[in-house]
Amino acid sequence: MKTGWIIEDQGNRKGLWVNESIFNVANGYLGVRGNYEEGYDGKEPTIRGTYINAFYDITPIQYGESAYAFPDTQQKLVNVIDVQDLHIRIGEESFSLFAGQVVSYRRWLNMKEGKYVRLVHWISPQGKELEIEFTRMASFTTLELFVMDVKITRINCDDEVTITSGMNGDISNYTNSNDPRVASDHAKLLHVVHTGVQDTCLQIVAETSRSRLRVAATTFHELTPCIEGRLIQTDTNLTKEYVFPKGKEVLRLTKYNVFTDTRRHEQPELCGLEIVKSVVSKGIKQIWKEQELYLEAFWAMANIEIQGDAPLQEGLRYNVYQLLQSVGKDKYSNIAAKGLSGEGYEGHYFWDTEIYILPFFILCQPELAKQLLRYRYTILGEAKIRAKELGHRKGAAYAWRTITGQECSAYFPAGTAQFHINGDIAYTYIQYYLATGDEAFIAEFGAEVVFETARTWIELGHFDDGVFKIDAVTGPDEYTAIVNNNYYTNVLAKYNMEWAVKWYRQLKSTHPEAWASLCNRIELTDEEIIIFEQAAAQMYLPFNDKLGIHEQDDSFLSKKVWDFENTPRANYPLLLNYHPLFIYRHQVLKQADTVLAHFLIEDGVSSDVLKSSYDYYEKITTHDSSLSSAIYSIMASKIGYADKAYSYFIETARMDLDNTHGNTKDGLHMANMGGTWMAVVYGFTGVRIKEDQLVLNPVLPKAWEGYKFSMQYRQAQITVEVNTNETVLMVDAVKPIVLEVKGKRFKIQTGKIRIAI
Ligand code: BGC
């Protein structure tokens, strides 16, 4: 195992489909799956994909039976122009890993340099021997750039070598009608409008069918030794063929590919050409250098070092790296459930971002966190329209799954009904504020989101005999739907409204002008604020005295418990083997629900309740959703179940690297990847961001010798080091901050805190 590398060797060169996801290269704007440039043998299944974050088409939703305000269209991430093609011929034979002899093979992702390399030593069926090194990179500093480089060394032969480099605009999306987690139809979304050569660059321009978005792929080839190529052009494809004469020298082709689209670039064709020119003049070495420097800065904040467990260390780093590869860096984009690594969940953004992914960005890359929160502000208008469609006078109903803000879920019981997404978004704006103290951002964006989401609870709920209730919603657990008083939803709604009241009063004095203009614009009054205050204070939080736990919802505990004993392993995930109604009639959870609520909002819940709740719900949770294990790990740490905390953590750390959910081929599980980081920081280290301080309660898992990570809190850089004897905190702040470590309070600006473990 090599630090900072993910390696596939000859021996584990299996599951190519899965490894396409694992070896994706992306930068938040652009993502390319780890397909072989030359393709497979035609028998291996593949999803050959290139994606631009938030570049979508619209497809109709066909309902057998529709009803009022069901969304009639959906948005879908488009598989765009494929520039991956590089075919190598030596004499009459084509290079393929499915023919001849593979003397050695290694593919790796170098997460320090931000490069992917595939190195092959190959002997053709007729005995011609080559060493071929493919390198690829999605640039973090020029987001439009995907660069490929191939180096060919002729060993024991001096034959003519031909490299054919292609661009293909005739692309379809992947579909599978048997799996609800991927699209079932509408494969062909993209149509080529132009192919041609401009200023020595090849360019394909394509357009989506309904959204009418345009994408341009512009490619420039650099050759060593420098030779001229032959162009082959069709309506949808452009290919350049380069024939290198006989000889011994090393051959090299660098392929600079630039993707531009009408969502971000006014004239993608022109812009593409300009960007290509500038990156080519910079040269490949400089581009690689910039990538390395970018990552050096990233890892300085984001690295978690574990001493004593190399495979978990690898999983953790990989997951964090993938978070960076997936994060949208403009106001149009966010983090899709599968990042840019595949087509599962059709490139949609879910609550996954707020509850599982933003915690990492808030504490390690607050500028990127801000960007993700900006995205939610950008789509607030759509959420307000949706609230009206759903029958409400006011407020904002954020779509359960979306790209541009419109609801894309056709199954409302486990989609639109998950109103908690409003609370999740509000919660995360509040967490960002508590972690950074960035009040200006709240005055400009956060307050409006929190006021509008608070309004939604008043619209959804009602006062009943001295309590405020919220009926007909679905909580995070998708094996239970449309229930009254889901504890998770109610507790977040309460928090959302409390903070709406707080910010209303706070901003009135700290940012009076912005406050007045906002209240005026959205017609928010003192009377409405008083209603928020009352509803929050009287929020009904179902509790079962006999069990000493909060009930997941009003009816949950009266249902029959799922027959786990007689459910064969093959029947999991249940969603693929039972009708939803059958599942809904049982006490069975797909994922953490009340236990998650206890993680997010722990104040006011006794440790006995936390423990009883964990004990009760854990027994009936299947973890069929990849969003579950991390939360069970964090809460196990909280209540002192060290072994469970560790074993759930293991499940999260290598979920994709080991394909434990069996569907990594459709893309990586981004929420779980954020969850791995959280299991260390919020779990083992017990970090909680409170109103006036940062709390830490570190423990060291038995199997480790120590661990170390950094985070930012209120402009302070904090490095946490936990070893077998003690926890050492190194603080470097611009002004004093308050930390509570293992129950002891410290006010510190710069220096070290040491506490025995
Ligand atoms: C989970 C949801 C999640 C979605 C996308 C589903 O399986 O139940 O909570 O938002 O996947 O990751």
# chains A, B, ... in the order shown; residues from 1 in each chain; ligands from 1
>>> residues_around(residues="Val102 in chain A", least_positions_apart="6", cutoff="8 Å", atoms="only C-alpha atoms", output="list in words")
Val120, His121, Trp122 and Ile123 of chain A
>>> residues_around(residues="Arg214 in chain A", least_positions_apart="3", cutoff="8 Å", atoms="only C-alpha atoms", output="PyMOL selection string")
chain A and resi 205-208+261-262+268
>>> select_by_dssp(residues="range 456-537 of chain A", states="alpha helix (DSSP H)", output="ChimeraX atom specification")
/A:456-460,487-510,512-522,526-537
>>> write_last_selection(atoms="N, CA and C atoms", output="compact mmCIF listing (two decimals), in the first residue's frame")
# COMPACT_ATOMS: atom_id res chain seq x y z
N THR A 456 -42.72 27.34 6.12
CA THR A 456 -43.29 26.09 5.61
C THR A 456 -43.84 25.23 6.75
N TRP A 457 -43.17 25.24 7.89
CA TRP A 457 -43.65 24.40 9.01
C TRP A 457 -45.00 24.90 9.50
N ILE A 458 -45.15 26.22 9.51
CA ILE A 458 -46.44 26.76 9.95
C ILE A 458 -47.53 26.35 8.97
N GLU A 459 -47.18 26.33 7.70
CA GLU A 459 -48.15 25.94 6.68
C GLU A 459 -48.48 24.45 6.79
N LEU A 460 -47.47 23.66 7.09
CA LEU A 460 -47.68 22.20 7.12
C LEU A 460 -48.36 21.75 8.41
N TYR A 487 -40.55 12.28 14.43
CA TYR A 487 -39.74 12.97 15.44
C TYR A 487 -38.64 13.79 14.79
N TYR A 488 -37.94 13.18 13.83
CA TYR A 488 -36.82 13.86 13.16
C TYR A 488 -37.31 15.18 12.54
N THR A 489 -38.40 15.10 11.81
CA THR A 489 -38.92 16.28 11.12
C THR A 489 -39.32 17.35 12.14
N ASN A 490 -40.02 16.91 13.18
CA ASN A 490 -40.51 17.89 14.16
C ASN A 490 -39.36 18.58 14.89
N VAL A 491 -38.35 17.80 15.22
CA VAL A 491 -37.24 18.37 15.99
C VAL A 491 -36.46 19.38 15.12
N LEU A 492 -36.32 19.05 13.83
CA LEU A 492 -35.63 20.00 12.95
C LEU A 492 -36.49 21.23 12.65
N ALA A 493 -37.79 21.01 12.56
CA ALA A 493 -38.70 22.15 12.33
C ALA A 493 -38.63 23.11 13.51
N LYS A 494 -38.60 22.53 14.70
CA LYS A 494 -38.51 23.34 15.91
C LYS A 494 -37.24 24.20 15.88
N TYR A 495 -36.15 23.55 15.56
CA TYR A 495 -34.84 24.23 15.51
C TYR A 495 -34.84 25.33 14.45
N ASN A 496 -35.39 24.99 13.31
CA ASN A 496 -35.49 25.93 12.19
C ASN A 496 -36.25 27.19 12.63
N MET A 497 -37.37 26.99 13.30
CA MET A 497 -38.18 28.15 13.70
C MET A 497 -37.51 28.93 14.82
N GLU A 498 -36.87 28.21 15.74
CA GLU A 498 -36.17 28.93 16.81
C GLU A 498 -35.10 29.86 16.24
N TRP A 499 -34.39 29.36 15.25
CA TRP A 499 -33.33 30.19 14.66
C TRP A 499 -33.88 31.30 13.79
N ALA A 500 -35.03 31.06 13.19
CA ALA A 500 -35.66 32.15 12.41
C ALA A 500 -35.95 33.30 13.37
N VAL A 501 -36.45 32.96 14.55
CA VAL A 501 -36.77 34.00 15.55
C VAL A 501 -35.47 34.70 15.98
N LYS A 502 -34.46 33.89 16.27
CA LYS A 502 -33.19 34.44 16.73
C LYS A 502 -32.59 35.39 15.71
N TRP A 503 -32.52 34.94 14.48
CA TRP A 503 -31.87 35.77 13.45
C TRP A 503 -32.69 37.02 13.15
N TYR A 504 -34.00 36.88 13.22
CA TYR A 504 -34.86 38.05 12.99
C TYR A 504 -34.49 39.14 13.98
N ARG A 505 -34.34 38.73 15.24
CA ARG A 505 -34.04 39.73 16.29
C ARG A 505 -32.58 40.19 16.23
N GLN A 506 -31.72 39.27 15.98
CA GLN A 506 -30.29 39.61 15.94
C GLN A 506 -29.96 40.56 14.77
N LEU A 507 -30.42 40.21 13.58
CA LEU A 507 -30.06 41.01 12.40
C LEU A 507 -30.71 42.39 12.43
N LYS A 508 -31.83 42.47 13.12
CA LYS A 508 -32.50 43.77 13.25
C LYS A 508 -31.53 44.78 13.87
N SER A 509 -30.72 44.32 14.83
CA SER A 509 -29.77 45.27 15.41
C SER A 509 -28.40 45.24 14.75
N THR A 510 -27.96 44.08 14.24
CA THR A 510 -26.59 44.05 13.68
C THR A 510 -26.55 44.48 12.20
N PRO A 512 -29.27 46.32 10.33
CA PRO A 512 -30.63 46.88 10.22
C PRO A 512 -31.10 47.13 8.78
N GLU A 513 -30.18 47.56 7.93
CA GLU A 513 -30.64 47.88 6.56
C GLU A 513 -30.99 46.62 5.78
N ALA A 514 -30.07 45.65 5.84
CA ALA A 514 -30.32 44.39 5.12
C ALA A 514 -31.57 43.73 5.69
N TRP A 515 -31.72 43.80 7.00
CA TRP A 515 -32.87 43.19 7.68
C TRP A 515 -34.18 43.83 7.19
N ALA A 516 -34.19 45.16 7.18
CA ALA A 516 -35.41 45.87 6.79
C ALA A 516 -35.75 45.57 5.34
N SER A 517 -34.74 45.56 4.49
CA SER A 517 -35.04 45.34 3.08
C SER A 517 -35.53 43.90 2.84
N LEU A 518 -34.94 42.95 3.58
CA LEU A 518 -35.39 41.56 3.43
C LEU A 518 -36.83 41.38 3.93
N CYS A 519 -37.10 41.90 5.14
CA CYS A 519 -38.45 41.73 5.71
C CYS A 519 -39.49 42.38 4.81
N ASN A 520 -39.09 43.51 4.26
CA ASN A 520 -39.99 44.21 3.37
C ASN A 520 -40.25 43.38 2.11
N ARG A 521 -39.18 42.87 1.55
CA ARG A 521 -39.29 42.10 0.29
C ARG A 521 -40.11 40.83 0.47
N ILE A 522 -39.90 40.13 1.59
CA ILE A 522 -40.63 38.86 1.75
C ILE A 522 -41.85 39.01 2.67
N ASP A 526 -43.51 40.97 12.58
CA ASP A 526 -43.35 40.56 13.98
C ASP A 526 -44.38 39.50 14.35
N GLU A 527 -45.58 39.62 13.81
CA GLU A 527 -46.66 38.66 14.16
C GLU A 527 -46.28 37.24 13.72
N GLU A 528 -45.71 37.19 12.52
CA GLU A 528 -45.33 35.86 12.01
C GLU A 528 -44.23 35.25 12.90
N ILE A 529 -43.33 36.12 13.33
CA ILE A 529 -42.22 35.65 14.17
C ILE A 529 -42.77 35.10 15.49
N ILE A 530 -43.80 35.74 16.01
CA ILE A 530 -44.38 35.25 17.27
C ILE A 530 -45.01 33.87 17.06
N ILE A 531 -45.60 33.68 15.90
CA ILE A 531 -46.17 32.35 15.62
C ILE A 531 -45.06 31.30 15.53
N PHE A 532 -43.94 31.66 14.89
CA PHE A 532 -42.80 30.71 14.84
C PHE A 532 -42.40 30.34 16.27
N GLU A 533 -42.32 31.36 17.10
CA GLU A 533 -41.86 31.16 18.47
C GLU A 533 -42.80 30.21 19.22
N GLN A 534 -44.08 30.43 19.02
CA GLN A 534 -45.07 29.58 19.71
C GLN A 534 -45.02 28.15 19.19
N ALA A 535 -44.96 28.03 17.88
CA ALA A 535 -44.95 26.67 17.30
C ALA A 535 -43.70 25.91 17.76
N ALA A 536 -42.57 26.60 17.79
CA ALA A 536 -41.33 25.94 18.22
C ALA A 536 -41.46 25.51 19.68
N ALA A 537 -41.96 26.42 20.51
CA ALA A 537 -42.06 26.12 21.94
C ALA A 537 -43.03 24.96 22.19
>>> closest_atom_pairs(of="chain A", to="ligand 1", cutoff="8 Å", atoms="only C-alpha atoms and all ligand atoms", output="CSV")
residue,atom,partner,partner_atom_place_in_ligand_line,distance
A:Arg181,CA,ligand 1,7 (O),7.6
A:Ala337,CA,ligand 1,12 (O),4.9
A:Lys338,CA,ligand 1,12 (O),7.6
A:Tyr345,CA,ligand 1,5 (C),6.8
A:Tyr349,CA,ligand 1,5 (C),7.9
A:Phe350,CA,ligand 1,10 (O),5.2
A:Trp351,CA,ligand 1,10 (O),5.8
A:Asp352,CA,ligand 1,10 (O),5.4
A:Pro476,CA,ligand 1,9 (O),5.7
A:Asp477,CA,ligand 1,8 (O),6.5
A:Glu478,CA,ligand 1,8 (O),5.4
A:Lys590,CA,ligand 1,8 (O),6.7
A:Gln591,CA,ligand 1,8 (O),6.8
A:Asp624,CA,ligand 1,7 (O),7.5
A:Ser625,CA,ligand 1,7 (O),4.7
A:Ser626,CA,ligand 1,7 (O),6.9
A:Leu627,CA,ligand 1,9 (O),6.4
A:His669,CA,ligand 1,12 (O),7.1
A:Met670,CA,ligand 1,12 (O),7.6
A:Ala671,CA,ligand 1,12 (O),6.5
>>> closest_residue(among="A:Glu705, A:Asp179, A:Glu269, A:Asp692", to="Leu202 in chain A", atoms="only C-alpha atoms")
A:Glu269
>>> residues_around(residues="Gln74 in chain A", least_positions_apart="3", cutoff="7 Å", atoms="only C-alpha atoms", output="CSV table (one decimal) with all heavy atoms, in the first residue's frame")
chain,number,residue,atom,x,y,z
A,58,ILE,N,-34.2,17.4,-19.9
A,58,ILE,CA,-35.5,17.3,-19.3
A,58,ILE,C,-36.2,16.1,-20.0
A,58,ILE,O,-36.2,16.0,-21.2
A,58,ILE,CB,-36.4,18.6,-19.5
A,58,ILE,CG1,-35.6,19.7,-18.9
A,58,ILE,CG2,-37.8,18.4,-19.0
A,58,ILE,CD1,-36.2,21.1,-19.3
A,59,THR,N,-36.7,15.2,-19.2
A,59,THR,CA,-37.5,14.1,-19.8
A,59,THR,C,-38.9,14.0,-19.1
A,59,THR,O,-39.0,14.4,-18.0
A,59,THR,CB,-36.7,12.7,-19.5
A,59,THR,OG1,-36.6,12.6,-18.1
A,59,THR,CG2,-35.4,12.7,-20.1
A,60,PRO,N,-39.8,13.6,-19.9
A,60,PRO,CA,-41.2,13.5,-19.4
A,60,PRO,C,-41.3,12.4,-18.3
A,60,PRO,O,-40.7,11.4,-18.5
A,60,PRO,CB,-42.1,13.2,-20.6
A,60,PRO,CG,-41.2,12.7,-21.6
A,60,PRO,CD,-39.8,13.1,-21.3
A,61,ILE,N,-42.2,12.6,-17.3
A,61,ILE,CA,-42.5,11.5,-16.4
A,61,ILE,C,-43.8,10.9,-16.8
A,61,ILE,O,-44.8,11.7,-16.9
A,61,ILE,CB,-42.6,12.0,-14.9
A,61,ILE,CG1,-41.3,12.7,-14.5
A,61,ILE,CG2,-42.9,10.8,-14.0
A,61,ILE,CD1,-41.3,13.2,-13.1
A,408,CYS,N,-37.9,16.5,-8.9
A,408,CYS,CA,-37.6,15.5,-9.9
A,408,CYS,C,-38.0,14.1,-9.4
A,408,CYS,O,-37.7,13.1,-10.0
A,408,CYS,CB,-36.2,15.4,-10.3
A,408,CYS,SG,-35.6,16.9,-11.2
>>> select_by_dssp(residues="range 77-181 of chain A", states="strand (DSSP E or B)", output="JSON, numbers by chain")
{"A": [77, 78, 79, 82, 86, 87, 88, 89, 90, 93, 94, 101, 102, 103, 104, 105, 106, 107, 108, 109, 110, 115, 116, 117, 118, 119, 120, 121, 122, 123, 129, 130, 131, 132, 133, 134, 135, 136, 137, 138, 145, 146, 147, 148, 149, 150, 151, 152, 153, 154, 155, 161, 162, 163, 164, 165, 166, 167, 168]}
>>> closest_residue(among="A:Ala756, A:Ile335, A:Met655, A:Val728", to="Asn319 in chain A", atoms="only C-alpha atoms")
A:Met655
>>> atom_distance(atom1="CA of Leu729 in chain A", atom2="CA of Ile753 in chain A")
5.0 Å
>>> residues_around(residues="Ile385 in chain A", least_positions_apart="4", cutoff="10 Å", atoms="only C-alpha atoms", output="PyMOL selection string")
chain A and resi 380-381+389-390+392+394-398+405-406
>>> atom_distance(atom1="CA of Lys277 in chain A", atom2="CA of Phe259 in chain A")
13.1 Å
>>> residues_around(residues="range 357-359 of chain A", least_positions_apart="2", cutoff="6 Å", atoms="only C-alpha atoms", output="list in words")
Thr353, Glu354, Phe361, Ile362, Ala671 and Gly674 of chain A
>>> atom_distance(atom1="CA of Gly391 in chain A", atom2="CA of Thr378 in chain A")
22.4 Å
>>> closest_residue(among="A:Glu346, A:Asp593, A:Glu296, A:Glu651", to="His420 in chain A", atoms="only C-alpha atoms")
A:Asp593
>>> residues_around(residues="Phe70 in chain A", least_positions_apart="6", cutoff="9 Å", atoms="only C-alpha atoms", output="compact mmCIF listing (two decimals) with C-alpha atoms, in the first residue's frame")
# COMPACT_ATOMS: atom_id res chain seq x y z
CA GLU A 407 -38.94 18.50 -8.03
CA SER A 409 -39.10 12.78 -7.73
CA ALA A 410 -41.97 10.91 -9.28
CA TYR A 411 -42.66 8.88 -6.15
CA PHE A 412 -43.97 11.41 -3.65
